[in-house]
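Undergrad: Below is the file upload_20.cif, which contains mmCIF, C-alpha atoms.
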data_upload
#
loop_
_atom_site.label_atom_id
_atom_site.label_comp_id
_atom_site.auth_asym_id
_atom_site.auth_seq_id
_atom_site.Cartn_x
_atom_site.Cartn_y
_atom_site.Cartn_z
CA MET B 14 47.45 83.63 25.70
CA ASP B 15 50.96 82.89 26.94
CA ASP B 16 53.61 81.22 24.77
CA ASP B 17 53.65 78.05 26.88
CA LEU B 18 49.91 77.56 26.38
CA LYS B 19 50.34 78.12 22.63
CA LYS B 20 52.99 75.38 22.62
CA ASP B 21 50.62 73.07 24.52
CA ILE B 22 47.87 73.73 21.97
CA ILE B 23 50.27 72.89 19.14
CA LYS B 24 51.14 69.63 20.95
CA GLY B 25 47.40 68.91 21.30
CA ARG B 26 46.81 69.51 17.60
CA ASP B 27 49.77 67.28 16.74
CA LEU B 28 48.34 64.51 18.93
CA TRP B 29 44.95 64.96 17.22
CA ASN B 30 46.61 64.51 13.84
CA THR B 31 48.93 61.63 14.72
CA ALA B 32 47.40 59.55 17.53
CA ARG B 33 46.36 56.09 16.40
CA HIS B 34 44.89 55.02 19.71
CA ALA B 35 43.26 56.79 22.63
CA ALA B 36 41.59 56.02 25.95
CA MET B 37 37.79 56.38 26.20
CA ALA B 38 36.11 56.73 29.58
CA THR B 39 32.44 55.99 30.18
CA VAL B 40 30.35 55.47 33.31
CA ASN B 41 28.92 52.09 34.33
CA THR B 42 25.34 51.76 35.64
CA ASP B 43 26.64 51.65 39.23
CA GLY B 44 28.52 54.95 38.71
CA SER B 45 31.96 53.36 38.54
CA PRO B 46 34.34 54.37 35.73
CA HIS B 47 35.02 52.24 32.69
CA ASN B 48 38.05 52.91 30.49
CA THR B 49 38.65 51.43 27.04
CA PRO B 50 41.52 51.78 24.59
CA PHE B 51 40.29 52.30 21.04
CA ARG B 52 41.40 53.09 17.49
CA PHE B 53 41.10 56.86 17.31
CA MET B 54 39.52 58.40 14.21
CA ARG B 55 38.98 62.10 13.91
CA ASP B 56 37.27 64.60 11.71
CA PRO B 57 39.50 67.42 10.41
CA GLU B 58 37.23 70.16 11.78
CA PHE B 59 37.49 69.08 15.45
CA LYS B 60 33.73 68.44 15.67
CA TYR B 61 33.44 64.65 16.03
CA VAL B 62 35.34 61.66 17.26
CA TYR B 63 34.80 58.27 15.60
CA TRP B 64 35.44 54.65 16.53
CA ALA B 65 34.34 51.14 15.69
CA SER B 66 32.91 48.89 18.36
CA TYR B 67 30.59 46.04 19.17
CA PRO B 68 27.23 47.30 20.49
CA HIS B 69 27.27 44.77 23.34
CA ALA B 70 30.68 45.88 24.69
CA VAL B 71 30.50 47.49 28.15
CA HIS B 72 31.58 50.91 26.87
CA SER B 73 29.02 50.72 24.03
CA GLN B 74 26.24 49.90 26.47
CA ASN B 75 27.36 52.81 28.67
CA ILE B 76 27.32 55.15 25.66
CA LEU B 77 23.88 53.94 24.57
CA ARG B 78 22.64 54.68 28.09
CA THR B 79 24.29 58.10 28.65
CA GLY B 80 25.53 59.30 25.25
CA ASN B 81 28.67 60.65 26.93
CA ILE B 82 32.36 59.84 26.56
CA PHE B 83 35.63 61.37 27.70
CA VAL B 84 38.69 60.77 25.52
CA VAL B 85 42.38 61.27 26.28
CA LEU B 86 45.04 61.45 23.59
CA TYR B 87 48.64 61.07 24.68
CA ASP B 88 51.93 59.56 23.62
CA ALA B 89 52.75 56.66 25.94
CA VAL B 90 56.45 56.88 25.04
CA ASP B 91 57.10 60.64 25.02
CA VAL B 92 55.39 62.50 27.87
CA GLN B 93 56.78 65.77 26.50
CA LYS B 94 54.07 65.59 23.82
CA GLY B 95 51.48 66.56 26.43
CA GLY B 96 47.87 65.48 26.31
CA LEU B 97 44.62 66.42 24.65
CA TYR B 98 41.40 65.81 26.59
CA ILE B 99 38.04 65.64 24.84
CA SER B 100 34.51 65.61 26.21
CA ALA B 101 31.81 64.46 23.79
CA GLU B 102 28.08 63.77 23.82
CA ASP B 103 25.43 62.08 21.71
CA GLY B 104 27.54 58.96 21.16
CA HIS B 105 25.67 56.58 18.87
CA PRO B 106 26.09 53.95 16.15
CA LEU B 107 26.08 55.38 12.64
CA GLU B 108 23.83 54.73 9.66
CA GLY B 109 23.21 56.38 6.31
CA ASP B 110 25.11 59.58 5.51
CA GLU B 111 26.77 59.63 8.95
CA LEU B 112 28.20 56.17 8.30
CA ILE B 113 29.44 57.20 4.84
CA LYS B 114 31.24 60.25 6.29
CA ALA B 115 32.85 58.24 9.09
CA LEU B 116 33.79 55.42 6.74
CA ALA B 117 35.62 57.89 4.48
CA ILE B 118 37.71 58.98 7.48
CA ASN B 119 38.29 55.37 8.54
CA ASN B 120 39.27 54.32 5.01
CA GLY B 121 41.61 57.30 4.66
CA LEU B 122 43.50 56.05 7.71
CA ARG B 123 43.40 52.46 6.48
CA VAL B 124 44.92 53.43 3.11
CA LYS B 125 47.77 55.28 4.89
CA GLU B 126 48.43 52.07 6.85
CA GLY B 127 48.39 49.86 3.75
CA LYS B 128 45.09 48.18 4.67
CA ASN B 129 42.11 47.41 2.45
CA GLN B 130 39.22 49.84 2.43
CA LEU B 131 35.93 48.79 4.02
CA THR B 132 32.45 49.10 2.53
CA PRO B 133 29.37 50.42 4.37
CA GLU B 134 28.09 46.84 4.56
CA TYR B 135 30.94 45.99 6.94
CA TYR B 136 29.27 48.18 9.60
CA SER B 137 25.59 47.98 8.66
CA GLY B 138 22.75 45.53 8.84
CA GLY B 139 23.29 42.47 10.96
CA THR B 140 27.06 42.80 11.31
CA ALA B 141 28.52 42.63 14.78
CA GLN B 142 30.72 45.72 14.63
CA LYS B 143 29.37 49.26 14.13
CA MET B 144 30.90 52.67 13.44
CA TRP B 145 30.12 55.21 16.15
CA SER B 146 30.51 58.93 16.63
CA ALA B 147 30.12 61.51 19.34
CA LYS B 148 29.91 65.30 19.05
CA ILE B 149 32.80 67.05 20.75
CA THR B 150 31.70 69.59 23.36
CA ARG B 151 34.97 70.63 25.04
CA PHE B 152 38.75 70.36 24.72
CA TRP B 153 41.57 70.77 27.23
CA VAL B 154 45.34 70.52 27.01
CA ASN B 155 47.75 69.47 29.69
CA HIS B 156 49.40 72.72 30.86
CA ALA B 157 52.35 72.55 33.25
CA LYS B 158 53.97 75.55 34.93
CA ARG B 159 57.66 75.11 35.72
CA ASP B 160 59.90 76.83 38.22
CA ALA B 161 63.30 78.37 37.39
CA SER B 162 65.01 74.95 37.62
CA GLY B 163 62.52 73.37 35.18
CA GLN B 164 60.58 71.38 37.78
CA ILE B 165 56.80 71.26 37.44
CA ASN B 166 55.17 73.22 40.25
CA LYS B 167 51.65 73.25 38.82
CA ASP B 168 50.09 70.77 36.41
CA SER B 169 46.55 71.35 35.20
CA ARG B 170 44.17 71.07 32.32
CA GLN B 171 43.55 74.28 30.42
CA GLU B 172 40.32 74.50 28.45
CA ILE B 173 40.76 75.49 24.82
CA SER B 174 38.50 75.72 21.80
CA ALA B 175 38.34 73.97 18.46
CA ALA B 176 39.27 77.34 16.95
CA ASP B 177 42.47 77.33 19.06
CA LEU B 178 43.36 73.91 17.66
CA LEU B 179 42.55 74.96 14.09
CA ALA B 180 44.71 78.09 14.42
CA ALA B 181 47.66 76.32 16.04
#
Let's see the structure in the file written out as C-alpha cells.
TA:
Amino acid sequence: MDDDLKKDIIKGRDLWNTARHAAMATVNTDGSPHNTPFRFMRDPEFKYVYWASYPHAVHSQNILRTGNIFVVLYDAVDVQKGGLYISAEDGHPLEGDELIKALAINNGLRVKEGKNQLTPEYYSGGTAQKMWSAKITRFWVNHAKRDASGQINKDSRQEISAADLLAA
C-alpha cells in the first residue's frame, strides 16, 4: 500500500469519527436516485451505520423495499479531508437489543453535544420516528494521484477494508 493511500485511509477514519452529517443515496421505484442528508451515527467497529428517520419518508420506503443504501462522508468546507464511501445492506428499523445498542451510540453523541439522552420509548411503539441500521458491506476512500506540479491527474475511489480503517 502506498503512502498516499495510507493518508487517504487516515482521512477516511477521521471522517468516520468526526462527521456529524452524511449523504445517503437510495433508489426510487422508477430506478431514479434519491439522496438524503442525515445525522450520521456509527459503530466503533465499522460494521453498521445508524440513523433516525420516519418510516414514511421516501428514503425509508426505498430502504424497506431494497434494504440497500450508499453513504458518503465528506467535509463540505475542507475538500482536503477527502471522502469515505460506504455501501450497506439490510437497512431496517430497529427493535429490542438492536435498538438498545443503537440508542447507546446515539445517546453518546447527544451527551457530547450537550443534549438530553433519549429512551427506547422515543423510537418504539407508535412513535413516528424510528432508529434504523444497515450492515456495511464495502468501503472506499477518495484517492487522487497528482502530477509533479500538484495537479490532480487521476481521481478515483479505492476500495479498502474495515481492517484498514481500524489499523489507520
Undergrad: Using the chain letters and numbers from the file, give me the residues hit by the PyMOL selection byres ((chain B and resi 171) around 6), as a list in words.
TA: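 When the PyMOL selection byres ((chain B and resi 171) around 6) is applied, the selected residues are Trp153, Val154, Arg170 and Glu172 of chain B.
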Undergrad: Around the point (29.7, 57.9, 26.5), in the coordinates given by the file, pick out the residues reaching within 12 Å, counting all atoms listed in the file, and return them as a ChimeraX atom specification.
TA: /B:37-42,46-49,62,64,71-84,99-106,145-149
Undergrad: Quick one: residues within 8 Å of Pro50 (chain B), all atoms listed in the file counted, chain neighbours fewer than 4 positions away excluded, as a ChimeraX atom specification?
TA: /B:34-37
Undergrad: Hey, can you check how far CA of Asn120 (chain B) sits from CA of Thr132 (chain B)?
TA: 8.9 Å
Undergrad: B:Leu122, B:Ala157, B:Gly44, B:Lys19: which is nearest Thr31 (chain B), counting only C-alpha atoms?
TA: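 Ranking B:Leu122, B:Ala157, B:Gly44, B:Lys19 by distance to Thr31 (chain B), first place goes to B:Leu122.
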Undergrad: Scan for residues within 12 Å of the point (58.1, 80.1, 28.1) in the coordinates of the file, using only C-alpha atoms, and reply as a PyMOL selection string.
TA: chain B and resi 14-21+156-161+163
Undergrad: Report as a PDB file with C-alpha atoms, in the coordinates of the input all protein, DNA and RNA residues lying within 8 Å of Pro68 (chain B), evaluated on all atoms listed in the file, omitting residues in the same chain fewer than 2 positions from it.
TA:
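The result, written out as part24.pdb:
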ATOM      1  CA  SER B  66      32.910  48.890  18.360  1.00  0.00           C
ATOM      2  CA  ALA B  70      30.680  45.880  24.690  1.00  0.00           C
ATOM      3  CA  SER B  73      29.020  50.720  24.030  1.00  0.00           C
ATOM      4  CA  GLN B  74      26.240  49.900  26.470  1.00  0.00           C
ATOM      5  CA  ALA B 141      28.520  42.630  14.780  1.00  0.00           C
ATOM      6  CA  GLN B 142      30.720  45.720  14.630  1.00  0.00           C
ATOM      7  CA  LYS B 143      29.370  49.260  14.130  1.00  0.00           C
TER       8      LYS B 143
END
Undergrad: For the structure shown, which residues end up in the PyMOL selection byres ((chain B and resi 96) around 10)? Put them as a compact mmCIF listing (two decimals) with C-alpha atoms, keeping the file's coordinate frame, please?
TA:
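What landed in expr12.txt:
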# COMPACT_ATOMS: atom_id res chain seq x y z
CA ASP B 21 50.62 73.07 24.52
CA ILE B 22 47.87 73.73 21.97
CA LYS B 24 51.14 69.63 20.95
CA GLY B 25 47.40 68.91 21.30
CA ARG B 26 46.81 69.51 17.60
CA ASP B 27 49.77 67.28 16.74
CA LEU B 28 48.34 64.51 18.93
CA TRP B 29 44.95 64.96 17.22
CA VAL B 85 42.38 61.27 26.28
CA LEU B 86 45.04 61.45 23.59
CA TYR B 87 48.64 61.07 24.68
CA ASP B 88 51.93 59.56 23.62
CA VAL B 92 55.39 62.50 27.87
CA GLN B 93 56.78 65.77 26.50
CA LYS B 94 54.07 65.59 23.82
CA GLY B 95 51.48 66.56 26.43
CA LEU B 97 44.62 66.42 24.65
CA TYR B 98 41.40 65.81 26.59
CA ILE B 99 38.04 65.64 24.84
CA TRP B 153 41.57 70.77 27.23
CA VAL B 154 45.34 70.52 27.01
CA ASN B 155 47.75 69.47 29.69
CA HIS B 156 49.40 72.72 30.86
CA ARG B 170 44.17 71.07 32.32
Undergrad: Please write out, as AutoDock Vina command-line options, where the centre of an axis-aligned box around all listed atoms of region 107-114 of chain B lies and how long its edges are, in Å to one decimal, after adding 3 Å on each side.
TA:
--center_x 27.2 --center_y 57.5 --center_z 8.7 --size_x 14.0 --size_y 11.5 --size_z 13.8
Undergrad: Ranking B:Ile23, B:Leu131, B:Ile165, B:Val90 by minimum distance to Ile118 (chain B) and counting only C-alpha atoms, which one comes first?
TA: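 Closest to Ile118 (chain B) of all the choices is B:Leu131.
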Undergrad: Hey, can you check how far CA of Leu179 (chain B) sits from CA of Gly109 (chain B)?
TA: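 Going from CA of Leu179 (chain B) over to CA of Gly109 (chain B), I get 27.9 Å.
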Undergrad: Which of these residues is nearest to Thr150 (chain B), using only C-alpha atoms: B:Asn166, B:Ala180, B:Leu112, B:Ala175?
TA: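 When distances to Thr150 (chain B) are compared using only C-alpha atoms, the smallest one comes from B:Ala175.
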Undergrad: Can you tell me how far CA of Glu134 (chain B) sits from CA of Ala117 (chain B), in Å to one decimal?
TA: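 These atoms are spaced 13.4 Å apart.
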Undergrad: With only C-alpha atoms as the basis for distance, which of B:Gly121, B:Gln130, B:Asp91, B:Met144 is at the shortest distance from Tyr63 (chain B)?
TA: B:Met144
Undergrad: Restore N, CA and C atoms in region 81-102 of chain B and list the result as an mmCIF file, in the frame of the given file.
TA:
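File produced: rebuild.cif:
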data_model
loop_
_atom_site.group_PDB
_atom_site.id
_atom_site.type_symbol
_atom_site.label_atom_id
_atom_site.label_comp_id
_atom_site.auth_asym_id
_atom_site.auth_seq_id
_atom_site.Cartn_x
_atom_site.Cartn_y
_atom_site.Cartn_z
ATOM 1 N N ASN B 81 27.467 59.884 26.617
ATOM 2 C CA ASN B 81 28.670 60.650 26.930
ATOM 3 C C ASN B 81 29.940 59.820 26.929
ATOM 4 N N ILE B 82 31.031 60.446 26.468
ATOM 5 C CA ILE B 82 32.360 59.840 26.560
ATOM 6 C C ILE B 82 33.367 60.931 26.909
ATOM 7 N N PHE B 83 34.494 60.488 27.442
ATOM 8 C CA PHE B 83 35.630 61.370 27.700
ATOM 9 C C PHE B 83 36.840 60.666 27.108
ATOM 10 N N VAL B 84 37.578 61.365 26.262
ATOM 11 C CA VAL B 84 38.690 60.770 25.520
ATOM 12 C C VAL B 84 39.987 61.480 25.907
ATOM 13 N N VAL B 85 41.055 60.703 26.042
ATOM 14 C CA VAL B 85 42.380 61.270 26.280
ATOM 15 C C VAL B 85 43.322 60.781 25.193
ATOM 16 N N LEU B 86 43.977 61.747 24.544
ATOM 17 C CA LEU B 86 45.040 61.450 23.590
ATOM 18 C C LEU B 86 46.366 61.765 24.247
ATOM 19 N N TYR B 87 47.317 60.864 24.110
ATOM 20 C CA TYR B 87 48.640 61.070 24.680
ATOM 21 C C TYR B 87 49.616 60.159 23.974
ATOM 22 N N ASP B 88 50.882 60.414 24.168
ATOM 23 C CA ASP B 88 51.930 59.560 23.620
ATOM 24 C C ASP B 88 52.504 58.780 24.804
ATOM 25 N N ALA B 89 52.315 57.488 24.810
ATOM 26 C CA ALA B 89 52.750 56.660 25.940
ATOM 27 C C ALA B 89 54.265 56.591 26.064
ATOM 28 N N VAL B 90 54.990 56.950 25.023
ATOM 29 C CA VAL B 90 56.450 56.880 25.040
ATOM 30 C C VAL B 90 57.061 58.231 25.391
ATOM 31 N N ASP B 91 56.519 59.310 24.858
ATOM 32 C CA ASP B 91 57.100 60.640 25.020
ATOM 33 C C ASP B 91 56.131 61.549 25.757
ATOM 34 N N VAL B 92 56.293 61.672 27.075
ATOM 35 C CA VAL B 92 55.390 62.500 27.870
ATOM 36 C C VAL B 92 55.522 63.981 27.543
ATOM 37 N N GLN B 93 56.596 64.373 26.891
ATOM 38 C CA GLN B 93 56.780 65.770 26.500
ATOM 39 C C GLN B 93 55.769 66.214 25.447
ATOM 40 N N LYS B 94 55.070 65.248 24.843
ATOM 41 C CA LYS B 94 54.070 65.590 23.820
ATOM 42 C C LYS B 94 52.760 66.045 24.433
ATOM 43 N N GLY B 95 52.666 66.037 25.754
ATOM 44 C CA GLY B 95 51.480 66.560 26.430
ATOM 45 C C GLY B 95 50.290 65.634 26.326
ATOM 46 N N GLY B 96 49.108 66.236 26.396
ATOM 47 C CA GLY B 96 47.870 65.480 26.310
ATOM 48 C C GLY B 96 46.769 66.358 25.766
ATOM 49 N N LEU B 97 45.811 65.730 25.111
ATOM 50 C CA LEU B 97 44.620 66.420 24.650
ATOM 51 C C LEU B 97 43.424 65.663 25.218
ATOM 52 N N TYR B 98 42.567 66.380 25.931
ATOM 53 C CA TYR B 98 41.400 65.810 26.590
ATOM 54 C C TYR B 98 40.150 66.271 25.843
ATOM 55 N N ILE B 99 39.209 65.360 25.660
ATOM 56 C CA ILE B 99 38.040 65.640 24.840
ATOM 57 C C ILE B 99 36.778 65.139 25.546
ATOM 58 N N SER B 100 35.817 66.001 25.698
ATOM 59 C CA SER B 100 34.510 65.610 26.210
ATOM 60 C C SER B 100 33.546 65.616 25.023
ATOM 61 N N ALA B 101 32.729 64.571 24.927
ATOM 62 C CA ALA B 101 31.810 64.460 23.790
ATOM 63 C C ALA B 101 30.472 63.886 24.260
ATOM 64 N N GLU B 102 29.434 64.218 23.496
ATOM 65 C CA GLU B 102 28.080 63.770 23.820
ATOM 66 C C GLU B 102 27.410 63.197 22.577
#
